[in-house]
$ cat run.tsv   # TSV, C-alpha atoms
chain	number	residue	atom	x	y	z
A	1	ALA	CA	-61.25	39.67	39.10
A	2	ARG	CA	-59.22	40.01	35.94
A	3	LYS	CA	-60.30	41.67	32.73
A	4	GLY	CA	-60.18	39.43	29.69
A	5	ARG	CA	-59.44	40.54	26.14
A	6	SER	CA	-63.14	41.09	25.53
A	7	GLY	CA	-63.34	43.50	28.48
A	8	MET	CA	-65.21	41.00	30.68
A	9	ASN	CA	-64.30	40.83	34.35
A	10	ILE	CA	-63.59	37.17	35.12
A	11	ILE	CA	-63.16	35.68	38.60
A	12	ASP	CA	-61.48	32.27	38.61
A	13	ILE	CA	-63.16	30.26	41.39
A	14	SER	CA	-61.25	27.04	40.70
A	15	MET	CA	-58.68	25.49	43.05
A	16	PRO	CA	-55.21	25.24	41.49
A	17	ILE	CA	-54.05	21.62	41.14
A	18	HIS	CA	-50.74	20.84	42.87
A	19	ASP	CA	-49.22	18.18	45.10
A	20	THR	CA	-49.79	19.96	48.44
A	21	MET	CA	-53.30	21.29	47.75
A	22	ALA	CA	-56.22	20.87	50.12
A	23	THR	CA	-57.93	17.48	49.93
A	24	TYR	CA	-61.09	16.08	51.50
A	25	LYS	CA	-60.47	16.05	55.27
A	26	GLY	CA	-56.75	16.47	54.55
A	27	ARG	CA	-56.35	12.93	53.24
A	28	VAL	CA	-52.85	12.65	51.80
A	29	GLU	CA	-53.78	9.79	49.47
A	30	LYS	CA	-56.12	12.13	47.60
A	31	ARG	CA	-53.33	14.57	46.66
A	32	PRO	CA	-52.49	14.77	42.94
A	33	LYS	CA	-49.25	13.22	41.74
A	34	ARG	CA	-47.61	14.86	38.74
A	35	VAL	CA	-44.71	13.27	36.88
A	36	ILE	CA	-42.44	15.21	34.53
A	37	GLU	CA	-41.84	12.86	31.61
A	38	GLN	CA	-39.85	15.17	29.36
A	39	GLN	CA	-38.30	18.53	30.18
A	40	THR	CA	-36.36	21.10	28.20
A	41	PRO	CA	-33.55	21.88	27.63
A	42	GLN	CA	-32.32	18.28	27.96
A	43	ASP	CA	-35.41	17.03	26.07
A	44	PRO	CA	-36.94	18.60	22.95
A	45	ILE	CA	-40.33	19.21	24.64
A	46	ASN	CA	-42.00	19.60	28.03
A	47	GLU	CA	-44.51	16.86	28.82
A	48	SER	CA	-45.99	15.52	32.04
A	49	SER	CA	-48.72	13.27	33.39
A	50	ILE	CA	-50.95	13.52	36.44
A	51	THR	CA	-52.78	11.05	38.66
A	52	MET	CA	-55.57	12.39	40.88
A	53	ASN	CA	-58.83	11.51	42.55
A	54	LEU	CA	-61.73	12.88	40.49
A	55	HIS	CA	-63.16	14.53	43.62
A	56	THR	CA	-60.03	16.48	44.50
A	57	GLY	CA	-60.09	20.16	43.69
A	58	THR	CA	-62.93	21.87	41.86
A	59	HIS	CA	-65.21	19.20	40.44
A	60	LEU	CA	-68.75	18.20	39.55
A	61	ASP	CA	-70.52	15.17	40.97
A	62	ALA	CA	-72.62	12.96	38.71
A	63	ALA	CA	-75.51	10.91	40.11
A	64	LYS	CA	-73.30	7.83	39.72
A	65	HIS	CA	-71.13	9.11	42.59
A	66	MET	CA	-73.79	8.27	45.17
A	67	MET	CA	-76.44	6.23	43.36
A	68	HIS	CA	-76.13	2.71	41.96
A	69	GLY	CA	-77.09	2.97	38.31
A	70	GLY	CA	-76.97	6.76	38.42
A	71	TRP	CA	-76.05	8.76	35.32
A	72	PRO	CA	-72.32	9.35	34.60
A	73	ILE	CA	-70.51	12.63	33.99
A	74	GLU	CA	-70.90	12.63	30.18
A	75	GLN	CA	-74.65	13.07	30.75
A	76	MET	CA	-74.13	16.26	32.76
A	77	PRO	CA	-76.43	18.90	31.17
A	78	LEU	CA	-73.92	21.51	29.95
A	79	ASP	CA	-76.62	24.12	29.32
A	80	ARG	CA	-77.15	24.28	33.08
A	81	LEU	CA	-73.45	24.96	33.65
A	82	ILE	CA	-73.31	28.18	31.62
A	83	THR	CA	-75.87	30.09	33.59
A	84	ARG	CA	-76.73	32.98	35.83
A	85	CYS	CA	-75.90	32.27	39.47
A	86	LYS	CA	-76.10	33.91	42.89
A	87	VAL	CA	-73.24	34.07	45.40
A	88	PHE	CA	-74.31	34.32	49.05
A	89	ASP	CA	-72.02	35.28	51.94
A	90	LEU	CA	-72.31	32.75	54.77
A	91	THR	CA	-68.90	33.41	56.29
A	92	GLN	CA	-70.54	33.85	59.69
A	93	VAL	CA	-71.64	30.19	59.73
A	94	LYS	CA	-69.89	27.76	62.03
A	95	ASP	CA	-69.90	23.98	61.52
A	96	ALA	CA	-72.81	23.59	59.07
A	97	VAL	CA	-75.14	25.58	56.83
A	98	THR	CA	-78.70	25.06	58.10
A	99	GLN	CA	-82.14	25.94	56.80
A	100	ALA	CA	-82.23	28.87	59.22
A	101	ASP	CA	-79.11	30.31	57.57
A	102	LEU	CA	-80.85	30.29	54.18
A	103	GLU	CA	-84.39	31.42	54.90
A	104	SER	CA	-83.66	35.16	54.68
A	105	LEU	CA	-81.79	34.86	51.37
A	106	ASP	CA	-83.26	35.63	47.94
A	107	ILE	CA	-83.25	32.06	46.63
A	108	ARG	CA	-85.75	31.22	43.90
A	109	ALA	CA	-86.69	28.36	41.62
A	110	GLY	CA	-84.14	27.91	38.85
A	111	ASP	CA	-81.27	29.59	40.73
A	112	PHE	CA	-77.76	28.20	40.74
A	113	VAL	CA	-76.67	28.95	44.31
A	114	LEU	CA	-73.04	29.37	45.43
A	115	LEU	CA	-72.39	29.44	49.18
A	116	LYS	CA	-69.30	31.37	50.33
A	117	THR	CA	-68.11	30.23	53.76
A	118	GLN	CA	-65.01	30.17	55.92
A	119	ASN	CA	-63.84	27.25	53.78
A	120	SER	CA	-62.63	29.80	51.22
A	121	PHE	CA	-60.42	31.38	53.88
A	122	GLY	CA	-58.54	28.24	54.92
A	123	LEU	CA	-61.04	26.01	56.69
A	124	VAL	CA	-61.22	23.75	53.63
A	125	PHE	CA	-57.83	22.29	54.64
A	126	GLY	CA	-59.13	20.69	57.84
A	127	PRO	CA	-61.57	17.94	58.79
A	128	ASP	CA	-64.08	20.39	60.30
A	129	PHE	CA	-64.92	22.32	57.16
A	130	VAL	CA	-68.34	23.95	56.86
A	131	TYR	CA	-70.76	21.53	55.22
A	132	ILE	CA	-74.43	21.66	54.17
A	133	ARG	CA	-76.79	20.02	56.62
A	134	LYS	CA	-79.65	17.82	55.40
A	135	ASP	CA	-82.35	20.34	56.38
A	136	ALA	CA	-80.61	23.04	54.31
A	137	ALA	CA	-80.35	20.68	51.34
A	138	GLN	CA	-84.04	19.82	51.63
A	139	TYR	CA	-84.94	23.52	51.81
A	140	LEU	CA	-82.92	24.29	48.67
A	141	ALA	CA	-84.35	21.31	46.80
A	142	GLU	CA	-87.89	22.35	47.70
A	143	LYS	CA	-87.11	25.86	46.41
A	144	GLY	CA	-86.40	24.23	43.05
A	145	ILE	CA	-82.81	25.40	42.56
A	146	LYS	CA	-80.95	23.91	39.60
A	147	GLY	CA	-77.51	23.80	41.15
A	148	ILE	CA	-75.52	24.17	44.36
A	149	GLY	CA	-71.90	25.28	44.54
A	150	THR	CA	-69.83	24.94	47.69
A	151	ASP	CA	-66.32	25.95	48.73
A	152	SER	CA	-65.84	22.64	50.54
A	153	LEU	CA	-64.59	19.44	48.93
A	154	GLY	CA	-67.86	17.75	49.80
A	155	VAL	CA	-71.37	19.01	50.51
A	156	GLU	CA	-71.23	16.89	53.66
A	157	ARG	CA	-68.69	15.38	56.05
A	158	ASP	CA	-69.42	11.64	55.85
A	159	GLN	CA	-72.92	12.16	57.27
A	160	PRO	CA	-74.75	8.83	57.76
A	161	GLY	CA	-76.51	7.78	54.57
A	162	HIS	CA	-75.04	10.69	52.58
A	163	ASP	CA	-78.38	12.46	52.96
A	164	THR	CA	-77.19	15.85	51.70
A	165	HIS	CA	-75.77	14.43	48.46
A	166	LEU	CA	-78.81	12.27	47.86
A	167	THR	CA	-81.29	15.06	48.61
A	168	PHE	CA	-79.69	17.16	45.88
A	169	LEU	CA	-79.16	14.37	43.34
A	170	LYS	CA	-82.65	12.88	43.71
A	171	ASN	CA	-84.12	16.34	43.14
A	172	ASP	CA	-82.05	17.00	39.99
A	173	VAL	CA	-79.82	19.60	41.67
A	174	ILE	CA	-76.32	19.80	40.17
A	175	ILE	CA	-73.50	19.57	42.75
A	176	LEU	CA	-70.36	21.68	42.18
A	177	GLU	CA	-67.72	21.26	44.89
A	178	GLY	CA	-64.27	22.59	45.70
A	179	LEU	CA	-64.82	26.24	44.75
A	180	ASP	CA	-62.58	29.07	45.90
A	181	LEU	CA	-64.94	31.99	46.53
A	182	LYS	CA	-62.50	34.22	48.39
A	183	GLU	CA	-62.56	36.92	45.69
A	184	ALA	CA	-66.26	36.63	44.86
A	185	ARG	CA	-68.44	39.33	46.36
A	186	PRO	CA	-72.08	38.46	47.06
A	187	GLY	CA	-74.27	39.07	44.04
A	188	GLU	CA	-75.26	37.77	40.63
A	189	TYR	CA	-72.84	36.53	37.98
A	190	THR	CA	-72.65	34.30	34.96
A	191	LEU	CA	-71.20	30.95	36.01
A	192	ILE	CA	-69.22	28.83	33.56
A	193	ALA	CA	-68.28	25.44	35.03
A	194	LEU	CA	-67.53	22.69	32.51
A	195	PRO	CA	-66.38	19.17	33.47
A	196	VAL	CA	-63.71	17.13	31.74
A	197	ASN	CA	-65.59	14.58	29.62
A	198	ILE	CA	-64.46	11.28	31.17
A	199	LEU	CA	-66.75	8.56	29.85
A	200	GLY	CA	-68.48	6.54	32.55
A	201	ALA	CA	-67.00	8.55	35.43
A	202	GLU	CA	-68.87	9.49	38.60
A	203	GLY	CA	-67.36	12.98	38.67
A	204	ALA	CA	-64.86	15.17	36.87
A	205	PRO	CA	-62.39	18.02	37.42
A	206	THR	CA	-63.94	21.33	36.42
A	207	ARG	CA	-62.68	24.82	35.57
A	208	ALA	CA	-65.17	27.22	37.10
A	209	VAL	CA	-65.28	30.98	36.58
A	210	LEU	CA	-67.65	33.81	37.36
A	211	VAL	CA	-68.22	36.55	34.80
A	212	GLU	CA	-69.34	39.91	36.13
A	213	GLY	CA	-72.23	41.33	34.15
A	214	ARG	CA	-73.84	39.67	31.18
A	215	LEU	CA	-71.92	37.73	28.56
A	216	PRO	CA	-71.40	39.76	25.37
A	217	SER	CA	-73.97	38.98	22.66
A	218	GLY	CA	-71.57	39.10	19.75

$ encode --input "run.tsv" --output "structure tokens"
Amino acid sequence: ARKGRSGMNIIDISMPIHDTMATYKGRVEKRPKRVIEQQTPQDPINESSITMNLHTGTHLDAAKHMMHGGWPIEQMPLDRLITRCKVFDLTQVKDAVTQADLESLDIRAGDFVLLKTQNSFGLVFGPDFVYIRKDAAQYLAEKGIKGIGTDSLGVERDQPGHDTHLTFLKNDVIILEGLDLKEARPGEYTLIALPVNILGAEGAPTRAVLVEGRLPSG
């Protein structure tokens, strides 16, 4: 955590964007490509451009990502992305988060749930990252959570029918993927996770942070 000017402790849970970063299942074609267009001292300014898949790095999924006719990213409800959240430690889980892994946790209606797994400690780079199984997604949806955050680059690993994604999206559960929860201890925080406003897009890069304690009132 780092203390901001206001005295708040802020934990950045976003993945840095660079050309050798982790991508979904290690797919090279999903790596960002940055071009330096002008550079000092030979040019008067520094300026660059970037090309990247919208689902690389920390990002939010809109319903349009998995559903024909689904709502795009500009309709993401921002009031649900500045919210209290709960971080749960599931670093003991292998392969997939199941309903059994969640049943003992204090998960309630209206929670924004962040699941910390071995992905945050390097497993996100490989094809066998920890994902969320359909039964776990159904359990969370039935609990009435408002959002799910995962430290993988997908809530599933190409499961047939994309059942995990669709279970969340059809039950109005926001999906936040690509988090780095290494420095986040289990507990309650204020989550701030705002997407870039790309009109008509099915997802968007997102800067996500956790604030320890309550936000200052004035």

$ closest_residue --input "run.tsv" --among "A:Asp106, A:Glu177, A:Asp89, A:Asp111" --to "A:Pro205" --atoms "only C-alpha atoms"
A:Glu177

$ residues_around --input "run.tsv" --residues "A:Ile13" --least-positions-apart "2" --cutoff "12 Å" --atoms "only C-alpha atoms" --output "ChimeraX atom specification"
/A:1-2,10-11,15-16,57-59,87,114,116,120,149-151,176-185,191-193,206-211

$ residues_near_point --input "run.tsv" --point "(-77.6, 9.2, 38.7)" --cutoff "12 Å" --atoms "all atoms listed in the file" --output "number ranges by chain"
A: 61-76, 165-166, 168-175, 200-203

$ atom_distance --input "run.tsv" --atom1 "atom CA of A:Thr56" --atom2 "atom CA of A:Thr167"
21.7 Å

$ closest_residue --input "run.tsv" --among "A:Pro195, A:Lys86, A:Pro186, A:Val97" --to "A:Gly147" --atoms "all atoms listed in the file"
A:Lys86

$ atom_distance --input "run.tsv" --atom1 "atom CA of A:Val124" --atom2 "atom CA of A:Val93"
13.7 Å

$ closest_residue --input "run.tsv" --among "A:Ile50, A:Leu102, A:Leu60, A:Ala109" --to "A:Tyr139" --atoms "all atoms listed in the file"
A:Leu102

$ atom_distance --input "run.tsv" --atom1 "atom CA of A:Ser14" --atom2 "atom CA of A:Gly213"
19.2 Å

$ closest_residue --input "run.tsv" --among "A:Gln138, A:Thr91, A:Asn46, A:Gln159" --to "A:Leu123" --atoms "only C-alpha atoms"
A:Thr91

$ residues_around --input "run.tsv" --residues "A:Thr164" --least-positions-apart "3" --cutoff "7 Å" --atoms "all atoms listed in the file" --output "PDB file with C-alpha atoms, keeping the file's coordinate frame"
ATOM      1  CA  ILE A 132     -74.430  21.660  54.170  1.00  0.00           C
ATOM      2  CA  ARG A 133     -76.790  20.020  56.620  1.00  0.00           C
ATOM      3  CA  LYS A 134     -79.650  17.820  55.400  1.00  0.00           C
ATOM      4  CA  ALA A 137     -80.350  20.680  51.340  1.00  0.00           C
ATOM      5  CA  VAL A 155     -71.370  19.010  50.510  1.00  0.00           C
ATOM      6  CA  GLU A 156     -71.230  16.890  53.660  1.00  0.00           C
ATOM      7  CA  THR A 167     -81.290  15.060  48.610  1.00  0.00           C
ATOM      8  CA  PHE A 168     -79.690  17.160  45.880  1.00  0.00           C
TER       9      PHE A 168
END

$ closest_residue --input "run.tsv" --among "A:Phe88, A:Gln38, A:Arg27, A:Val196" --to "A:Ser104" --atoms "only C-alpha atoms"
A:Phe88

$ axis_aligned_box --input "run.tsv" --around "stretch 38-50 of chain A" --padding-each-side "8 Å" --output "JSON"
{"center_x": -41.6, "center_y": 17.6, "center_z": 29.7, "size_x": 34.6, "size_y": 24.6, "size_z": 29.5}

$ residues_near_point --input "run.tsv" --point "(-66.4, 18.3, 65.7)" --cutoff "9 Å" --atoms "all atoms listed in the file" --output "count of residues only"
3
